[in-house]
Amino acid sequence: MDIIKLKHITKQYDDGFVALKNINLTIESGKFYSLLGPSGSGKSTILRIIAGFSQPSSGQVFFDGKDITDLDAAKRHINTVFQNYALFPHLNVFENVAFGLKIKKQPMDKIKPAVKEALHMVRLDGYANREISELSGGQQQRVAIARAIVNEPKVLLLDESLSALDKRLRKDMQFELRAIQKKLGITFIFVTHDQEEALSMSDEIFVLNDGMIQQSGSPVAIYDEPVNDFVARFIGDSNILSGRMIKDYEVEFANNKFKCADGGIKPNEKVEVVIRPEDLDIVAPEKGNIVVTAQTQLFLGDHFEIKAVDANENEWLIHSTNGVKLGERVGLFFDPEDIHVMRLNESQEDFDARIEKYEGDENEN
Amino acid sequence: MKTKKAFFLVPYLAWIILFVILPILLILWYSFTDSSHSFTLSNYVTFFKNGTFLKMMINSFWYAFLITLITLLISYPAAYFLTKMKNQQLWLLLIILPTWINLLLKAYAFIGILGNNGLVNKFLHLFGIGPVNILFTDFAFIFVATYIEIPFMILPIFNAIKEISPAVIQASEDLGASKWQTFRYVLWPLSRPGVESGVQAIFIPSLSLFMLTRLIGGNKVITLGTAIEEYFMTTMNWNMGATIGVVLIVLMILVMLLTNKKTKRKKVNL
C-alpha cells in the first residue's frame, strides 16, 4: 500500500538555488527506504518536505491518499529522528520520550507504559531517570528513536541519524534500526550519504544527485545495474571504460571485444562499461582477458586494493584477497556477467524498459 | 610557581578587600551603632517599627517589580525576533548604543521630552490637547526606567535564545506541539538562564534607583534608594542610612537566591 507520494516536487530557494527538480516518488508502507546522495544532492530537502519543515515551491505531497502539502509539521503522522538527535537538554530521558504523548494530553497511566515499551524497544530499560547530558552518543541516538516511535507514527524519518557515531557503533545501530523497523512494521525513510549504510539496511534506495533522482531500486539492482556513471561511481568502487556496442551481447572496450550480458542497444552505439573491482580475478597473463601491470597496492585488512594499467593506459582498480608484486604483468579475468553496459544519458524508465525487453527475449530463447 | 600565582592574586584581593569587604563591614558597623559610636539595635528597631520604612520597602519592591516585568514583556519578544533577523550585529549595536550615553544625560533628555513645553506636549497641542502633566509622575518614572534597562534585558535573553538549536524547536513541532506549547515547554525553559540574569541585572539595581526617582519621578516615588541618599546627604544620619543599606543588601541576596533556585526533578518508576 502506498503511504507517501511526492508529485512533481520542485524546491527553489530565495537566492535562486534549485534544490529539487521535479521529484516523483512513491513510498510503500512497512518498508525501509534510503535517500542516498552526496551533500547538496537534495536528500535532506526531500525529508524536510515530507516532515513539513519546508514547503515545496511547486508540486504536492500525499499521505495516505490525502494532500498534506500545506499541513503543519505538528499535525502530520510522521516523526523524525534528527541528525544531532535534537533531544531536549532541559528534560531527562523519561520526559523526552513522554513529550509527544504529554502534548497530546494523554493520561499519565497511559504515558508510563508507552514510554517503558519504547525504551525497551531501543534497549534502554532503566534509563528513564537519567539526564541527557549523562548519556553517550549512542544512547542519545536511542532516546531520539524512542521519542519518535512512542508516538506510533506511520512513517519514521531518519536524517543522517548515524553519522555522528563511531564506526563500530554505527554498524551495531544499522542492525538494530533494521530490527526495530521489522518489529514495528512501519515505514522508515533514512537519509544518508554513506552508501554502505544504505545498501545494508534498505529494501529500496533512491540515489540522488543535483536535485534529481538518478536511480531507484533494491540495493542489489542499484549495485549491479547502475543506470549512469554517477550511480556507478557513487555506489561502491568501479572501473568505468568507454566502449562501443558491437551487437547484442557483445561489446568492445580497451581495444578488445568481449561477450557480455547486455542487449537492446543499437550496434556501434558509444557506451560506458562498468566492471566492479571485486569481479576482477588476478590470473596468469596468458589466461586473462586483459593484461595489466600493477602500480600501487594498499592493504586494507580484509583485501588488497591494487591499481594497475593496461597496454592502452586505462587504469584498473582491483580488489583481491592476495597481493601482487608491483611492476609485474598479470592477467585480469572476468565473466560476461561481470560486464555491465551503460548507455549515455539513459533515463531510468528507458533503462527499465530495455532490460524488461531483452530479459523477456532471453526467457523465450 | 606557587608564589608567582599568589603574586598575580594581589591586585584582585586588594580590590575585593578595599572596595567590597571593607565597605560592607563599614556599613554593618554603622548600622549597629549610634551617633556616639556605641553598639545599638535601635536603628533596626526603628526600621521595622516605623511604618514609613516598611512602606518604602514595599514601594521599592513594587516599582522594581513593575520595571522588571514591563522590561521583560518588551525584551523577550524583541530578543526572539532579533535571533531570526538578518544583520543581527547591526540591530544589536543599535540596542546597545543608548547604554553608551551617560544616565544623567538621558534623564535630562527625557525632562526635555516629557516636560510641559516638551516634544510630547507640543505634539498633543496640535490636536488641541494639553498641556498634560507627564513629567514627575509614576508613569514617567517607570517609562524612563524601562527605557534605560531594556538593553540589559535583551542582551542575555538574545544570547540564551541564540544558543538553542533550531533542531530542538523543530523536534518539538515534529512531536505535535503547537507554537504556544513549543514556547511553553521548550523555548521558555531553555531561555530561562538568560531571563534570570536579565531579571537580576534589572530588578536588583531598580530597588535602589534614586537619581531617576528625583529627576523624572519628581520625588513622588520614594524608594529605599532615595531614603538612603536622604539620610547620607541631607540629614547626615549615617547610621540609619547604613541600616537601610543593609536591609537592601539582604533583599538583593534573597532575590538572587530566588532567581537561581533549581527545581528538583521527580523520579519516575516505570
# chains A, B, ... in the order shown; residues from 1 in each chain; ligands from 1
>>> interface_residues(of="chain A", to="chain B", cutoff="6 Å", atoms="only C-alpha atoms", output="list of chain:residue names")
A:Ala73, A:Ala74, A:Asn79, A:Ala86, A:Gly100, A:Ile103
>>> select_by_dssp(residues="region 246-337 of chain A", states="helix (DSSP H, G or I)", output="PDB file with N, CA, C and O atoms, in the first residue's frame")
ATOM      1  N   PRO A 277      35.509  -3.783  -9.074  1.00  0.00           N
ATOM      2  CA  PRO A 277      36.872  -4.257  -8.776  1.00  0.00           C
ATOM      3  C   PRO A 277      36.908  -5.637  -8.134  1.00  0.00           C
ATOM      4  O   PRO A 277      37.878  -6.374  -8.319  1.00  0.00           O
ATOM      5  N   GLU A 278      35.846  -6.010  -7.413  1.00  0.00           N
ATOM      6  CA  GLU A 278      35.865  -7.325  -6.784  1.00  0.00           C
ATOM      7  C   GLU A 278      35.519  -8.439  -7.774  1.00  0.00           C
ATOM      8  O   GLU A 278      35.680  -9.621  -7.478  1.00  0.00           O
ATOM      9  N   ASP A 279      35.039  -8.045  -8.987  1.00  0.00           N
ATOM     10  CA  ASP A 279      34.732  -9.050 -10.004  1.00  0.00           C
ATOM     11  C   ASP A 279      35.950  -9.395 -10.855  1.00  0.00           C
ATOM     12  O   ASP A 279      35.885 -10.251 -11.733  1.00  0.00           O
ATOM     13  N   PRO A 285      49.157 -14.109 -16.994  1.00  0.00           N
ATOM     14  CA  PRO A 285      48.902 -13.202 -18.112  1.00  0.00           C
ATOM     15  C   PRO A 285      48.222 -13.880 -19.284  1.00  0.00           C
ATOM     16  O   PRO A 285      47.305 -13.307 -19.894  1.00  0.00           O
ATOM     17  N   GLU A 286      48.619 -15.123 -19.606  1.00  0.00           N
ATOM     18  CA  GLU A 286      48.039 -15.750 -20.802  1.00  0.00           C
ATOM     19  C   GLU A 286      46.600 -16.214 -20.585  1.00  0.00           C
ATOM     20  O   GLU A 286      45.852 -16.412 -21.530  1.00  0.00           O
ATOM     21  N   LYS A 287      46.172 -16.309 -19.327  1.00  0.00           N
ATOM     22  CA  LYS A 287      44.804 -16.762 -19.057  1.00  0.00           C
ATOM     23  C   LYS A 287      43.827 -15.602 -18.915  1.00  0.00           C
ATOM     24  O   LYS A 287      42.620 -15.808 -18.830  1.00  0.00           O
ATOM     25  N   PRO A 336      31.375 -12.755 -18.633  1.00  0.00           N
ATOM     26  CA  PRO A 336      30.469 -11.840 -19.354  1.00  0.00           C
ATOM     27  C   PRO A 336      29.464 -11.169 -18.417  1.00  0.00           C
ATOM     28  O   PRO A 336      29.100 -10.016 -18.625  1.00  0.00           O
ATOM     29  N   GLU A 337      29.017 -11.884 -17.352  1.00  0.00           N
ATOM     30  CA  GLU A 337      28.024 -11.301 -16.428  1.00  0.00           C
ATOM     31  C   GLU A 337      28.618 -10.176 -15.602  1.00  0.00           C
ATOM     32  O   GLU A 337      27.894  -9.360 -15.023  1.00  0.00           O
TER      33      GLU A 337
END
>>> atom_distance(atom1="CA of Ser44 (chain A)", atom2="CA of Gly16 (chain A)")
18.0 Å
>>> atom_distance(atom1="CA of Ile96 (chain B)", atom2="CA of Tyr147 (chain B)")
11.8 Å
>>> select_by_dssp(residues="region 74-249 of chain A", states="strand (DSSP E)", output="VMD selection string")
chain A and resid 78 to 81 155 to 159 187 to 192 204 to 209 212 to 217 239 to 247
>>> write_last_selection(atoms="N, CA, C and O atoms", output="short mmCIF file (atom, residue, chain, number, x, y, z; two decimals), in the first residue's frame")
data_model
loop_
_atom_site.label_atom_id
_atom_site.label_comp_id
_atom_site.auth_asym_id
_atom_site.auth_seq_id
_atom_site.Cartn_x
_atom_site.Cartn_y
_atom_site.Cartn_z
N ILE A 78 3.86 11.73 11.18
CA ILE A 78 5.22 11.41 10.77
C ILE A 78 6.14 11.93 11.86
O ILE A 78 5.92 13.04 12.36
N ASN A 79 7.11 11.16 12.29
CA ASN A 79 8.07 11.67 13.27
C ASN A 79 9.48 11.55 12.73
O ASN A 79 9.75 10.76 11.84
N THR A 80 10.35 12.39 13.29
CA THR A 80 11.69 12.50 12.75
C THR A 80 12.73 12.20 13.82
O THR A 80 12.57 12.59 14.97
N VAL A 81 13.79 11.49 13.43
CA VAL A 81 14.97 11.35 14.27
C VAL A 81 16.02 12.26 13.64
O VAL A 81 16.44 12.04 12.52
N VAL A 155 5.10 6.72 9.59
CA VAL A 155 6.37 6.85 8.89
C VAL A 155 7.38 7.48 9.83
O VAL A 155 7.08 8.44 10.52
N LEU A 156 8.56 6.91 9.88
CA LEU A 156 9.65 7.48 10.68
C LEU A 156 10.74 7.98 9.73
O LEU A 156 11.20 7.25 8.87
N LEU A 157 11.10 9.25 9.91
CA LEU A 157 12.15 9.82 9.07
C LEU A 157 13.45 9.87 9.88
O LEU A 157 13.44 10.27 11.03
N LEU A 158 14.54 9.45 9.27
CA LEU A 158 15.83 9.49 9.97
C LEU A 158 16.82 10.30 9.14
O LEU A 158 17.16 9.92 8.03
N ASP A 159 17.25 11.43 9.69
CA ASP A 159 18.09 12.36 8.94
C ASP A 159 19.56 12.14 9.31
O ASP A 159 20.00 12.63 10.33
N THR A 187 6.99 2.34 8.10
CA THR A 187 7.92 2.77 7.06
C THR A 187 9.04 3.60 7.66
O THR A 187 8.80 4.49 8.46
N PHE A 188 10.27 3.28 7.31
CA PHE A 188 11.42 4.11 7.68
C PHE A 188 11.95 4.77 6.41
O PHE A 188 12.11 4.10 5.40
N ILE A 189 12.20 6.06 6.49
CA ILE A 189 12.90 6.73 5.39
C ILE A 189 14.19 7.29 5.96
O ILE A 189 14.17 8.15 6.84
N PHE A 190 15.29 6.76 5.47
CA PHE A 190 16.59 7.03 6.06
C PHE A 190 17.42 7.85 5.08
O PHE A 190 17.60 7.44 3.94
N VAL A 191 17.89 9.01 5.53
CA VAL A 191 18.73 9.84 4.67
C VAL A 191 20.18 9.60 5.01
O VAL A 191 20.55 9.62 6.19
N THR A 192 21.00 9.35 4.01
CA THR A 192 22.41 9.11 4.30
C THR A 192 23.29 9.45 3.10
O THR A 192 22.82 9.47 1.97
N GLU A 204 14.65 -0.49 -0.35
CA GLU A 204 14.75 0.24 -1.60
C GLU A 204 15.55 1.51 -1.39
O GLU A 204 15.45 2.15 -0.35
N ILE A 205 16.33 1.86 -2.41
CA ILE A 205 17.20 3.04 -2.32
C ILE A 205 16.83 4.01 -3.42
O ILE A 205 16.57 3.61 -4.56
N PHE A 206 16.78 5.30 -3.06
CA PHE A 206 16.71 6.35 -4.08
C PHE A 206 18.07 7.02 -4.12
O PHE A 206 18.51 7.57 -3.11
N VAL A 207 18.75 6.96 -5.26
CA VAL A 207 20.05 7.63 -5.37
C VAL A 207 19.80 9.01 -5.96
O VAL A 207 19.15 9.16 -6.99
N LEU A 208 20.28 10.03 -5.23
CA LEU A 208 20.04 11.41 -5.65
C LEU A 208 21.32 12.12 -6.00
O LEU A 208 22.36 11.88 -5.40
N ASN A 209 21.22 12.99 -7.01
CA ASN A 209 22.32 13.90 -7.30
C ASN A 209 21.75 15.11 -8.00
O ASN A 209 20.82 14.99 -8.80
N MET A 212 17.98 15.62 -8.39
CA MET A 212 17.16 14.69 -9.17
C MET A 212 17.39 13.26 -8.69
O MET A 212 18.48 12.94 -8.22
N ILE A 213 16.36 12.43 -8.83
CA ILE A 213 16.54 11.02 -8.52
C ILE A 213 17.25 10.37 -9.70
O ILE A 213 16.75 10.39 -10.83
N GLN A 214 18.44 9.84 -9.45
CA GLN A 214 19.21 9.23 -10.53
C GLN A 214 18.74 7.80 -10.79
O GLN A 214 18.66 7.37 -11.93
N GLN A 215 18.46 7.10 -9.71
CA GLN A 215 18.03 5.71 -9.85
C GLN A 215 17.34 5.28 -8.58
O GLN A 215 17.68 5.73 -7.49
N SER A 216 16.35 4.40 -8.72
CA SER A 216 15.75 3.82 -7.53
C SER A 216 15.61 2.34 -7.75
O SER A 216 15.46 1.87 -8.88
N GLY A 217 15.70 1.61 -6.67
CA GLY A 217 15.58 0.16 -6.80
C GLY A 217 16.15 -0.52 -5.58
O GLY A 217 16.57 0.13 -4.63
N ASN A 239 35.33 0.31 -12.12
CA ASN A 239 36.12 0.64 -13.29
C ASN A 239 35.15 1.02 -14.39
O ASN A 239 34.28 0.23 -14.74
N ILE A 240 35.24 2.25 -14.88
CA ILE A 240 34.34 2.70 -15.93
C ILE A 240 35.18 2.99 -17.18
O ILE A 240 36.11 3.79 -17.14
N LEU A 241 34.88 2.29 -18.27
CA LEU A 241 35.64 2.47 -19.50
C LEU A 241 34.68 2.81 -20.62
O LEU A 241 33.55 2.32 -20.66
N SER A 242 35.14 3.67 -21.53
CA SER A 242 34.27 3.95 -22.67
C SER A 242 34.45 2.84 -23.69
O SER A 242 35.54 2.27 -23.83
N GLY A 243 33.35 2.52 -24.38
CA GLY A 243 33.41 1.41 -25.33
C GLY A 243 32.39 1.59 -26.43
O GLY A 243 31.78 2.66 -26.57
N ARG A 244 32.19 0.54 -27.18
CA ARG A 244 31.29 0.60 -28.34
C ARG A 244 30.56 -0.73 -28.40
O ARG A 244 31.16 -1.79 -28.22
N MET A 245 29.24 -0.67 -28.65
CA MET A 245 28.46 -1.89 -28.73
C MET A 245 28.70 -2.49 -30.12
O MET A 245 28.61 -1.80 -31.14
N ILE A 246 29.02 -3.77 -30.19
CA ILE A 246 29.18 -4.44 -31.50
C ILE A 246 27.83 -4.95 -31.96
O ILE A 246 27.34 -4.61 -33.03
N LYS A 247 27.22 -5.71 -31.14
CA LYS A 247 25.84 -6.18 -31.36
C LYS A 247 25.33 -6.62 -30.01
O LYS A 247 26.01 -6.41 -29.00
#
>>> atom_distance(atom1="CA of Gly40 (chain A)", atom2="CA of Gln55 (chain A)")
17.4 Å
>>> closest_residue(among="B:Gly118, B:Gly241, B:Gly198, B:Gly225", to="Val132 (chain B)", atoms="only C-alpha atoms")
B:Gly118
>>> residues_around(residues="Thr26 (chain A)", least_positions_apart="4", cutoff="9 Å", atoms="only C-alpha atoms", output="CSV table (one decimal) with C-alpha atoms, in the first residue's frame")
chain,number,residue,atom,x,y,z
A,2,ASP,CA,1.3,3.5,-0.9
A,3,ILE,CA,1.7,5.7,2.2
A,4,ILE,CA,3.6,8.7,0.8
A,5,LYS,CA,3.6,10.1,-2.7
A,6,LEU,CA,5.6,13.1,-4.0
A,7,LYS,CA,4.3,14.5,-7.2
>>> residues_around(residues="Gly263 (chain A)", least_positions_apart="6", cutoff="7 Å", atoms="only C-alpha atoms", output="ChimeraX atom specification")
/A:248-249,358
>>> residues_around(residues="Pro205 (chain B)", least_positions_apart="3", cutoff="10 Å", atoms="only C-alpha atoms", output="list in words")
Ala64, Glu149, Gln200, Ala201, Ile202, Ser208, Leu209, Phe210, Gly225 and Met252 of chain B
>>> write_last_selection(atoms="N, CA, C and O atoms", output="CSV table (one decimal), in the first residue's frame")
chain,number,residue,atom,x,y,z
B,64,ALA,N,10.3,48.2,41.4
B,64,ALA,CA,11.3,47.4,40.8
B,64,ALA,C,10.7,46.2,40.1
B,64,ALA,O,11.1,45.9,38.9
B,149,GLU,N,16.6,50.3,31.0
B,149,GLU,CA,17.0,48.9,31.4
B,149,GLU,C,16.9,47.9,30.2
B,149,GLU,O,17.4,46.9,30.3
B,200,GLN,N,18.0,39.6,37.2
B,200,GLN,CA,18.9,40.1,38.2
B,200,GLN,C,19.5,41.4,37.9
B,200,GLN,O,19.7,42.3,38.7
B,201,ALA,N,19.9,41.6,36.6
B,201,ALA,CA,20.6,42.8,36.2
B,201,ALA,C,19.6,44.0,36.3
B,201,ALA,O,20.1,45.1,36.3
B,202,ILE,N,18.3,43.8,36.4
B,202,ILE,CA,17.4,44.9,36.4
B,202,ILE,C,16.7,45.1,37.7
B,202,ILE,O,16.7,46.2,38.3
B,208,SER,N,17.2,50.2,44.2
B,208,SER,CA,17.8,51.3,44.8
B,208,SER,C,18.0,52.5,43.9
B,208,SER,O,18.8,53.4,44.1
B,209,LEU,N,17.2,52.6,42.8
B,209,LEU,CA,17.3,53.7,41.9
B,209,LEU,C,17.0,55.0,42.7
B,209,LEU,O,16.0,55.1,43.5
B,210,PHE,N,17.8,56.0,42.6
B,210,PHE,CA,17.4,57.3,43.3
B,210,PHE,C,17.5,58.5,42.4
B,210,PHE,O,16.7,59.4,42.5
B,225,GLY,N,16.3,53.6,47.9
B,225,GLY,CA,17.4,54.3,47.3
B,225,GLY,C,17.4,55.8,47.7
B,225,GLY,O,18.3,56.4,48.1
B,252,MET,N,18.5,42.0,48.2
B,252,MET,CA,19.2,41.6,47.0
B,252,MET,C,19.6,40.2,47.0
B,252,MET,O,19.5,39.5,46.0
>>> residues_around(residues="Tyr231 (chain B)", least_positions_apart="5", cutoff="8 Å", atoms="only C-alpha atoms", output="list in words")
Met236, Asn237, Trp238, Met240 and Gly241 of chain B
>>> closest_residue(among="A:Met201, A:Leu162, A:Ile111, A:Ala98", to="Ala146 (chain A)", atoms="only C-alpha atoms")
A:Ala98
>>> residues_around(residues="Leu73 (chain B)", least_positions_apart="3", cutoff="12 Å", atoms="only C-alpha atoms", output="VMD selection string")
chain B and resid 66 to 70 76 to 80 146 150 153 to 154 157 195 198 to 199
>>> write_last_selection(atoms="C-alpha atoms", output="PDB file, in the first residue's frame")
ATOM      1  CA  LEU B  66       6.900  46.737  37.598  1.00  0.00           C
ATOM      2  CA  ILE B  67      10.035  47.955  35.833  1.00  0.00           C
ATOM      3  CA  THR B  68      11.395  44.400  35.553  1.00  0.00           C
ATOM      4  CA  LEU B  69       8.092  42.956  34.360  1.00  0.00           C
ATOM      5  CA  ILE B  70       7.499  45.596  31.690  1.00  0.00           C
ATOM      6  CA  TYR B  76      11.629  38.783  25.322  1.00  0.00           C
ATOM      7  CA  PRO B  77       9.758  39.077  22.021  1.00  0.00           C
ATOM      8  CA  ALA B  78      12.316  41.639  20.827  1.00  0.00           C
ATOM      9  CA  ALA B  79      15.206  39.276  21.623  1.00  0.00           C
ATOM     10  CA  TYR B  80      13.360  36.370  19.994  1.00  0.00           C
ATOM     11  CA  THR B 146      12.182  50.721  31.484  1.00  0.00           C
ATOM     12  CA  ILE B 150      15.774  47.324  28.161  1.00  0.00           C
ATOM     13  CA  MET B 153      17.374  42.520  29.436  1.00  0.00           C
ATOM     14  CA  ILE B 154      17.548  41.989  25.675  1.00  0.00           C
ATOM     15  CA  ILE B 157      17.877  36.726  26.545  1.00  0.00           C
ATOM     16  CA  VAL B 195      15.786  35.667  31.603  1.00  0.00           C
ATOM     17  CA  GLY B 198      18.299  39.772  32.858  1.00  0.00           C
ATOM     18  CA  VAL B 199      15.956  39.934  35.850  1.00  0.00           C
TER      19      VAL B 199
END
>>> decode(residues="region 11-39 of chain A", atoms="C-alpha atoms", output="PDB file, in the first residue's frame")
ATOM      1  CA  LYS A  11      12.202  23.383  -4.450  1.00  0.00           C
ATOM      2  CA  GLN A  12      13.831  26.682  -5.272  1.00  0.00           C
ATOM      3  CA  TYR A  13      15.314  28.839  -2.530  1.00  0.00           C
ATOM      4  CA  ASP A  14      15.004  32.623  -2.370  1.00  0.00           C
ATOM      5  CA  ASP A  15      18.542  33.022  -3.641  1.00  0.00           C
ATOM      6  CA  GLY A  16      17.641  31.130  -6.809  1.00  0.00           C
ATOM      7  CA  PHE A  17      19.313  27.843  -5.903  1.00  0.00           C
ATOM      8  CA  VAL A  18      17.251  24.916  -7.141  1.00  0.00           C
ATOM      9  CA  ALA A  19      17.491  22.127  -4.578  1.00  0.00           C
ATOM     10  CA  LEU A  20      14.975  19.733  -6.125  1.00  0.00           C
ATOM     11  CA  LYS A  21      13.920  19.313  -9.738  1.00  0.00           C
ATOM     12  CA  ASN A  22      10.639  17.550 -10.420  1.00  0.00           C
ATOM     13  CA  ILE A  23      10.866  14.785  -7.831  1.00  0.00           C
ATOM     14  CA  ASN A  24       8.342  11.970  -8.140  1.00  0.00           C
ATOM     15  CA  LEU A  25       8.472   9.113  -5.726  1.00  0.00           C
ATOM     16  CA  THR A  26       6.221   6.617  -4.053  1.00  0.00           C
ATOM     17  CA  ILE A  27       6.799   5.180  -0.610  1.00  0.00           C
ATOM     18  CA  GLU A  28       5.005   1.995   0.369  1.00  0.00           C
ATOM     19  CA  SER A  29       4.072   1.251   3.945  1.00  0.00           C
ATOM     20  CA  GLY A  30       6.137  -1.129   6.020  1.00  0.00           C
ATOM     21  CA  LYS A  31       9.374  -0.833   4.035  1.00  0.00           C
ATOM     22  CA  PHE A  32      12.816   0.549   4.764  1.00  0.00           C
ATOM     23  CA  TYR A  33      13.815   3.261   2.288  1.00  0.00           C
ATOM     24  CA  SER A  34      17.063   5.168   1.917  1.00  0.00           C
ATOM     25  CA  LEU A  35      17.630   8.500   0.249  1.00  0.00           C
ATOM     26  CA  LEU A  36      21.261   8.293  -0.762  1.00  0.00           C
ATOM     27  CA  GLY A  37      23.347  11.056  -2.236  1.00  0.00           C
ATOM     28  CA  PRO A  38      26.311  13.362  -1.690  1.00  0.00           C
ATOM     29  CA  SER A  39      25.840  16.555   0.337  1.00  0.00           C
TER      30      SER A  39
END
